[in-house]
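Undergrad: Next up is a structure, given as structure tokens.
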Amino acid sequence: MTAAPETPALPTTRPDGCPYDPPGEYADRRETAPTSKVRCPAGMDAWLVTRYADVRAVLADRTLSSRGASSVHVNPNADLDEEISPGSIIQLDGAAHARLRKKVIAEFTVRRMKALRGYVRSLVDSHLDAMLAQGAPADLVRDFALPIPSLVICELLGVPYADRARFQRQSATMVSTDATREDGERAYHELSDYLAGLFTEKRRNPQDDLFSRLISDGADDPLTMEELVVLGLSLLVAGHETTANMIAMSTLVLLENPDLLAPALAEPERAVEELLRYLSVVQWGVLRYATSDTQVGSRSVREGEWLVAALNSANRDESVFPGADKLDFARESPRTHVAFGFGAHQCVGQQLARVELQEALTGLFRRVPDLRLAVGREELAFKHNTLVYGVRELPVAWG
Ligand code: HEM
């Protein structure tokens, strides 16, 4: 008797030589096995969904639960049966999710974010002043890409930036896939305690910020302290880790493709959408759980099975993005990508991220047109073990 073939492992290795491309296996799978089973580092098997149309269908399917979102499948220490905290917007489903989303979505409208643009621009300018005054080389991550989104999200939420050392460290631990369970839990509890203290203070002394409004706006349907803390934590971590990595990776890819700089500066909105597609920094996709039998393309998915919607694979699907492996700022319909997800959980902070990316990249390359890498690319360390892909340090020089 021949043994049943082993379920292949979730592809995790990016091709040599191009730190921007997802694992090469995705392209083969899109052709030959677009939705097929893989074994995940968390120990369970999941349907890996690789085609654009199927990824969108999965993310729009209300019978699929987000209880393992965003990417619990890549954490070897994950407890798949862990109870979902009330307040965990990204993991809740149906009415419980809609209730929380309604409370925050108005804070992130296109209009609100446009009003914030001037503030973001002033931060970009002051950080560039400081970087240029300090002299080359600089670490673009430490001196620019991380502090700008961090300051913006702190201002928006009402979190004192002076406390950043602790929550930047805790956020980084929480998105790391190789932190031990103890370290992950410690970071979560430390950050929760910190936020509980902050909400208690805001209850006494409300300010003009999102956290204060979350407390005071809900007279007929107030959030509990646990909900406030977990929702606050989700916003703080999401607001830090994603945009900072996108700014640093976008800078790197533009430094390596100098012919794309002029078109990027001419049409930053278009360029940012294409960078979001091309880089797809939510590198492990988003996890879903079947609460009843359903269908993905020609596959029958059974109740109790897991699915990984591979955003980075969908964003390289040639049938939607011809020449998908090329960064092309002239692409038609640049907003078609799924870098911010799709459906009920599509990113709440996407307008904010767009404004930050547009301002950071245009500000940087207009002020420092001769920016260059201060080390060889082979010396850069990339974040292969975090939920959000990026580069750890980006030494740059000019002049
Ligand atoms: C370039 C930057 C960003 C990228 C690529 C990104 C990506 C994503 C993705 C893919 C999802 C969907 C997760 C799922 O379906 O399970 C998501 C959800 C979310 N994002 Fe972002 N994000 C970014 C910036 C931000 C910022 C700046 C915030 C600020 C608060 C934010 C807050 C959130 C929240 C709260 C959710 C959960 C929404 C829900 O479950 O209804 N994100 N993001």
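By order in the structure tokens, chains are A, B, ...; within a chain, residues start at 1; ligands start at 1, following the order shown.
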Using only C-alpha atoms and all ligand atoms, what table do you get, as JSON lines, when you list each residue of chain A with an atom no more than 7 Å from ligand 1, its nearest pair of atoms, and their distance in Å rounded to one decimal, rows by chain then rising number?

TA:
```
{"residue": "A:Leu59", "atom": "CA", "partner": "ligand 1", "partner_atom_place_in_ligand_line": "15 (O)", "distance": 6.8}
{"residue": "A:Ser66", "atom": "CA", "partner": "ligand 1", "partner_atom_place_in_ligand_line": "16 (O)", "distance": 6.3}
{"residue": "A:Ala69", "atom": "CA", "partner": "ligand 1", "partner_atom_place_in_ligand_line": "16 (O)", "distance": 4.8}
{"residue": "A:Ser70", "atom": "CA", "partner": "ligand 1", "partner_atom_place_in_ligand_line": "16 (O)", "distance": 4.5}
{"residue": "A:Ile89", "atom": "CA", "partner": "ligand 1", "partner_atom_place_in_ligand_line": "40 (O)", "distance": 4.7}
{"residue": "A:Ile90", "atom": "CA", "partner": "ligand 1", "partner_atom_place_in_ligand_line": "40 (O)", "distance": 3.3}
{"residue": "A:Gln91", "atom": "CA", "partner": "ligand 1", "partner_atom_place_in_ligand_line": "40 (O)", "distance": 6.5}
{"residue": "A:His97", "atom": "CA", "partner": "ligand 1", "partner_atom_place_in_ligand_line": "41 (O)", "distance": 6.8}
{"residue": "A:Arg101", "atom": "CA", "partner": "ligand 1", "partner_atom_place_in_ligand_line": "41 (O)", "distance": 5.6}
{"residue": "A:Ile153", "atom": "CA", "partner": "ligand 1", "partner_atom_place_in_ligand_line": "29 (C)", "distance": 6.9}
{"residue": "A:Ser234", "atom": "CA", "partner": "ligand 1", "partner_atom_place_in_ligand_line": "35 (C)", "distance": 5.9}
{"residue": "A:Leu235", "atom": "CA", "partner": "ligand 1", "partner_atom_place_in_ligand_line": "30 (C)", "distance": 4.2}
{"residue": "A:Leu236", "atom": "CA", "partner": "ligand 1", "partner_atom_place_in_ligand_line": "30 (C)", "distance": 6.3}
{"residue": "A:Ala238", "atom": "CA", "partner": "ligand 1", "partner_atom_place_in_ligand_line": "31 (C)", "distance": 4.6}
{"residue": "A:Gly239", "atom": "CA", "partner": "ligand 1", "partner_atom_place_in_ligand_line": "29 (C)", "distance": 3.8}
{"residue": "A:His240", "atom": "CA", "partner": "ligand 1", "partner_atom_place_in_ligand_line": "27 (C)", "distance": 6.7}
{"residue": "A:Thr242", "atom": "CA", "partner": "ligand 1", "partner_atom_place_in_ligand_line": "2 (C)", "distance": 4.4}
{"residue": "A:Thr243", "atom": "CA", "partner": "ligand 1", "partner_atom_place_in_ligand_line": "2 (C)", "distance": 4.1}
{"residue": "A:Met246", "atom": "CA", "partner": "ligand 1", "partner_atom_place_in_ligand_line": "1 (C)", "distance": 5.6}
{"residue": "A:Leu276", "atom": "CA", "partner": "ligand 1", "partner_atom_place_in_ligand_line": "5 (C)", "distance": 6.7}
{"residue": "A:Ser280", "atom": "CA", "partner": "ligand 1", "partner_atom_place_in_ligand_line": "5 (C)", "distance": 6.5}
{"residue": "A:Val281", "atom": "CA", "partner": "ligand 1", "partner_atom_place_in_ligand_line": "5 (C)", "distance": 5.9}
{"residue": "A:Val282", "atom": "CA", "partner": "ligand 1", "partner_atom_place_in_ligand_line": "5 (C)", "distance": 5.9}
{"residue": "A:Val286", "atom": "CA", "partner": "ligand 1", "partner_atom_place_in_ligand_line": "16 (O)", "distance": 5.1}
{"residue": "A:Leu287", "atom": "CA", "partner": "ligand 1", "partner_atom_place_in_ligand_line": "16 (O)", "distance": 6.7}
{"residue": "A:Ala339", "atom": "CA", "partner": "ligand 1", "partner_atom_place_in_ligand_line": "5 (C)", "distance": 5.3}
{"residue": "A:Phe340", "atom": "CA", "partner": "ligand 1", "partner_atom_place_in_ligand_line": "10 (C)", "distance": 3.9}
{"residue": "A:Gly341", "atom": "CA", "partner": "ligand 1", "partner_atom_place_in_ligand_line": "10 (C)", "distance": 4.0}
{"residue": "A:Phe342", "atom": "CA", "partner": "ligand 1", "partner_atom_place_in_ligand_line": "15 (O)", "distance": 6.5}
{"residue": "A:Ala344", "atom": "CA", "partner": "ligand 1", "partner_atom_place_in_ligand_line": "41 (O)", "distance": 6.1}
{"residue": "A:His345", "atom": "CA", "partner": "ligand 1", "partner_atom_place_in_ligand_line": "41 (O)", "distance": 3.6}
{"residue": "A:Gln346", "atom": "CA", "partner": "ligand 1", "partner_atom_place_in_ligand_line": "12 (C)", "distance": 4.8}
{"residue": "A:Cys347", "atom": "CA", "partner": "ligand 1", "partner_atom_place_in_ligand_line": "18 (C)", "distance": 3.5}
{"residue": "A:Val348", "atom": "CA", "partner": "ligand 1", "partner_atom_place_in_ligand_line": "33 (C)", "distance": 4.7}
{"residue": "A:Gly349", "atom": "CA", "partner": "ligand 1", "partner_atom_place_in_ligand_line": "28 (C)", "distance": 3.6}
{"residue": "A:Gln350", "atom": "CA", "partner": "ligand 1", "partner_atom_place_in_ligand_line": "24 (C)", "distance": 5.4}
{"residue": "A:Leu352", "atom": "CA", "partner": "ligand 1", "partner_atom_place_in_ligand_line": "27 (C)", "distance": 5.6}
{"residue": "A:Ala353", "atom": "CA", "partner": "ligand 1", "partner_atom_place_in_ligand_line": "27 (C)", "distance": 4.7}
```

Undergrad: The selected residues should be written to file as a PDB file, in the first residue's frame (atoms: C-alpha atoms).

TA:
```
ATOM      1  CA  LEU A  59     -13.303  37.874   1.536  1.00  0.00           C
ATOM      2  CA  SER A  66     -12.560  35.990  10.673  1.00  0.00           C
ATOM      3  CA  ALA A  69      -7.584  36.888  11.392  1.00  0.00           C
ATOM      4  CA  SER A  70      -5.387  38.284  10.362  1.00  0.00           C
ATOM      5  CA  ILE A  89     -12.564  44.220  15.441  1.00  0.00           C
ATOM      6  CA  ILE A  90     -10.487  42.207  12.984  1.00  0.00           C
ATOM      7  CA  GLN A  91     -11.648  38.822  14.408  1.00  0.00           C
ATOM      8  CA  HIS A  97     -18.157  43.299  14.052  1.00  0.00           C
ATOM      9  CA  ARG A 101     -16.689  49.138  12.815  1.00  0.00           C
ATOM     10  CA  ILE A 153      -1.710  57.462  14.925  1.00  0.00           C
ATOM     11  CA  SER A 234      -5.906  46.917  17.410  1.00  0.00           C
ATOM     12  CA  LEU A 235      -5.871  50.487  16.072  1.00  0.00           C
ATOM     13  CA  LEU A 236      -2.538  51.337  17.670  1.00  0.00           C
ATOM     14  CA  ALA A 238      -2.337  48.333  12.909  1.00  0.00           C
ATOM     15  CA  GLY A 239      -1.534  52.040  12.608  1.00  0.00           C
ATOM     16  CA  HIS A 240       2.150  51.454  13.367  1.00  0.00           C
ATOM     17  CA  THR A 242       1.757  48.493   8.280  1.00  0.00           C
ATOM     18  CA  THR A 243       2.447  52.015   7.028  1.00  0.00           C
ATOM     19  CA  MET A 246       5.317  50.342   3.378  1.00  0.00           C
ATOM     20  CA  LEU A 276       0.651  48.767  -2.397  1.00  0.00           C
ATOM     21  CA  SER A 280       1.568  43.555  -0.592  1.00  0.00           C
ATOM     22  CA  VAL A 281       3.195  43.788   2.823  1.00  0.00           C
ATOM     23  CA  VAL A 282       0.490  41.773   4.654  1.00  0.00           C
ATOM     24  CA  VAL A 286      -5.673  36.713   5.799  1.00  0.00           C
ATOM     25  CA  LEU A 287      -7.134  33.641   7.455  1.00  0.00           C
ATOM     26  CA  ALA A 339      -3.546  45.002  -0.434  1.00  0.00           C
ATOM     27  CA  PHE A 340      -6.091  46.437   2.024  1.00  0.00           C
ATOM     28  CA  GLY A 341      -8.226  43.284   1.886  1.00  0.00           C
ATOM     29  CA  PHE A 342     -11.790  43.315   0.588  1.00  0.00           C
ATOM     30  CA  ALA A 344     -16.566  43.572   5.465  1.00  0.00           C
ATOM     31  CA  HIS A 345     -13.093  43.786   7.051  1.00  0.00           C
ATOM     32  CA  GLN A 346     -11.401  45.897   4.388  1.00  0.00           C
ATOM     33  CA  CYS A 347      -8.824  48.119   6.060  1.00  0.00           C
ATOM     34  CA  VAL A 348     -10.310  50.887   8.186  1.00  0.00           C
ATOM     35  CA  GLY A 349      -7.086  52.927   7.995  1.00  0.00           C
ATOM     36  CA  GLN A 350      -6.590  52.783   4.210  1.00  0.00           C
ATOM     37  CA  LEU A 352      -4.838  57.428   6.317  1.00  0.00           C
ATOM     38  CA  ALA A 353      -2.198  55.054   4.953  1.00  0.00           C
TER      39      ALA A 353
END
```

Undergrad: Need to verify the contact set: A:Pro86, 9 Å, only C-alpha atoms, exclusion of same-chain residues closer than 5 positions in sequence. Can you return it as a list of chain:residue names?

TA: A:Leu92, A:Ala96, A:Thr224, A:Glu226, A:Glu227, A:Leu228, A:Val230, A:Leu231

Undergrad: Considering only C-alpha atoms, can you say which of A:Gly399, A:Gly285, A:Lys326, A:Gly363 comes closest to A:Ser71?

TA: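 For A:Ser71, the nearest of the given residues is A:Gly285.
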
Undergrad: If we count only C-alpha atoms, what is near A:Met225 at a cut-off of 12 Å, once residues fewer than 5 positions away on the same chain are taken out, given as a list of chain:residue names?

TA: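 Counting only C-alpha atoms, the residues come to A:Ser85, A:Pro86, A:Gly87, A:Ser192, A:Asp193, A:Leu195, A:Ala196, A:Gly197, A:Leu198, A:Phe199, A:Thr200, A:Lys202, A:Arg203, A:Phe211, A:Leu214, A:Ile215, A:Val230, A:Leu231, A:Gly232.
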
Undergrad: Please report, as a list in words, each residue of stretch 238-393 of chain A to which DSSP assigns strand (DSSP E or B) when run on this structure's backbone.

TA: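 Of stretch 238-393 of chain A, only Val282, Val286, Leu287, Arg288, Tyr289, Ala290, Thr294, Gln295, Val296, Arg299, Ser300, Val301, Trp306, Leu307, Val308, Ala309, Arg372, Leu373, Phe382, Thr386, Val388 and Val391 of chain A fall in strand (DSSP E or B).
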
Undergrad: Keeping C-alpha atoms for every residue in the selection just given, could you write it to a file as a PDB file, in the first residue's frame?

TA:
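The result, written out as again14.pdb:
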```pdb
ATOM      1  CA  VAL A 282       0.490  41.773   4.654  1.00  0.00           C
ATOM      2  CA  VAL A 286      -5.673  36.713   5.799  1.00  0.00           C
ATOM      3  CA  LEU A 287      -7.134  33.641   7.455  1.00  0.00           C
ATOM      4  CA  ARG A 288     -10.793  32.606   7.376  1.00  0.00           C
ATOM      5  CA  TYR A 289     -12.772  29.710   8.902  1.00  0.00           C
ATOM      6  CA  ALA A 290     -15.767  27.973   7.279  1.00  0.00           C
ATOM      7  CA  THR A 294     -19.262  26.625   0.939  1.00  0.00           C
ATOM      8  CA  GLN A 295     -17.700  26.825  -2.497  1.00  0.00           C
ATOM      9  CA  VAL A 296     -14.492  28.544  -3.669  1.00  0.00           C
ATOM     10  CA  ARG A 299     -13.593  23.591  -4.721  1.00  0.00           C
ATOM     11  CA  SER A 300     -16.071  22.460  -2.073  1.00  0.00           C
ATOM     12  CA  VAL A 301     -15.019  23.690   1.332  1.00  0.00           C
ATOM     13  CA  TRP A 306      -9.594  26.966   7.262  1.00  0.00           C
ATOM     14  CA  LEU A 307      -8.774  29.133   4.240  1.00  0.00           C
ATOM     15  CA  VAL A 308      -5.862  31.486   3.573  1.00  0.00           C
ATOM     16  CA  ALA A 309      -6.713  34.317   1.169  1.00  0.00           C
ATOM     17  CA  ARG A 372      20.923  56.586  -2.176  1.00  0.00           C
ATOM     18  CA  LEU A 373      21.458  53.344  -0.306  1.00  0.00           C
ATOM     19  CA  PHE A 382      14.207  41.753   5.594  1.00  0.00           C
ATOM     20  CA  THR A 386       6.600  39.154  10.860  1.00  0.00           C
ATOM     21  CA  VAL A 388       3.859  42.659   7.921  1.00  0.00           C
ATOM     22  CA  VAL A 391      13.159  45.943   6.005  1.00  0.00           C
TER      23      VAL A 391
END
```

Undergrad: Hey, can you check how far atom CA of A:Asp325 sits from atom CA of A:Leu146?

TA: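 Separation of atom CA of A:Asp325 and atom CA of A:Leu146: 27.1 Å.
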
Undergrad: Enumerate, as number ranges by chain, the complete set of residues in stretch 254-369 of chain A that a backbone-based DSSP assignment places in alpha helix (DSSP H).

TA: A: 254-256, 261-266, 268-279, 311-314, 350-367

Undergrad: Hey, could you make a per-residue contact list for stretch 262-327 of chain A against stretch 20-35 of chain A with 9 Å as the cut-off, showing the nearest pair of atoms and its distance in Å to one decimal, counting only C-alpha atoms, sorted by chain and number, as JSON lines?

TA:
```
{"residue": "A:Tyr278", "atom": "CA", "partner": "A:Tyr20", "partner_atom": "CA", "distance": 7.4}
{"residue": "A:Leu279", "atom": "CA", "partner": "A:Tyr20", "partner_atom": "CA", "distance": 5.9}
{"residue": "A:Ser280", "atom": "CA", "partner": "A:Pro22", "partner_atom": "CA", "distance": 8.7}
{"residue": "A:Gln283", "atom": "CA", "partner": "A:Pro22", "partner_atom": "CA", "distance": 7.7}
{"residue": "A:Val296", "atom": "CA", "partner": "A:Thr35", "partner_atom": "CA", "distance": 7.6}
{"residue": "A:Gly297", "atom": "CA", "partner": "A:Thr35", "partner_atom": "CA", "distance": 7.9}
{"residue": "A:Ser298", "atom": "CA", "partner": "A:Thr35", "partner_atom": "CA", "distance": 8.6}
{"residue": "A:Arg299", "atom": "CA", "partner": "A:Thr35", "partner_atom": "CA", "distance": 7.1}
{"residue": "A:Ala310", "atom": "CA", "partner": "A:Tyr26", "partner_atom": "CA", "distance": 8.8}
{"residue": "A:Asn312", "atom": "CA", "partner": "A:Pro22", "partner_atom": "CA", "distance": 6.4}
{"residue": "A:Ser313", "atom": "CA", "partner": "A:Tyr26", "partner_atom": "CA", "distance": 6.0}
{"residue": "A:Ala314", "atom": "CA", "partner": "A:Arg30", "partner_atom": "CA", "distance": 8.8}
{"residue": "A:Arg316", "atom": "CA", "partner": "A:Ala27", "partner_atom": "CA", "distance": 8.0}
{"residue": "A:Asp317", "atom": "CA", "partner": "A:Arg30", "partner_atom": "CA", "distance": 7.6}
{"residue": "A:Asp325", "atom": "CA", "partner": "A:Asp21", "partner_atom": "CA", "distance": 7.4}
```

Undergrad: When distances are computed from only C-alpha atoms, which of A:Arg366, A:Glu359, A:Pro160, A:Glu273 shows the smallest separation from A:Glu332?

TA: A:Glu273

Undergrad: For A:His73, list every protein, DNA or RNA residue within 8 Å, evaluated using only C-alpha atoms, and leave out those in the same chain fewer than 3 positions away; present the list as a PDB file with C-alpha atoms, in the first residue's frame.

TA:
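Dumped to around-v3.pdb:
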```
ATOM      1  CA  CYS A  40       0.461  25.824   8.066  1.00  0.00           C
ATOM      2  CA  PRO A  41       3.123  26.569  10.710  1.00  0.00           C
ATOM      3  CA  ALA A  42       0.307  26.707  13.309  1.00  0.00           C
ATOM      4  CA  GLY A  43      -0.226  22.975  12.650  1.00  0.00           C
ATOM      5  CA  MET A  44      -3.520  22.946  10.805  1.00  0.00           C
ATOM      6  CA  GLY A  68      -8.274  33.534  13.085  1.00  0.00           C
ATOM      7  CA  PRO A  76       3.575  28.080  15.525  1.00  0.00           C
ATOM      8  CA  ALA A  78      -1.128  29.832  18.038  1.00  0.00           C
ATOM      9  CA  LEU A 287      -7.134  33.641   7.455  1.00  0.00           C
TER      10      LEU A 287
END
```
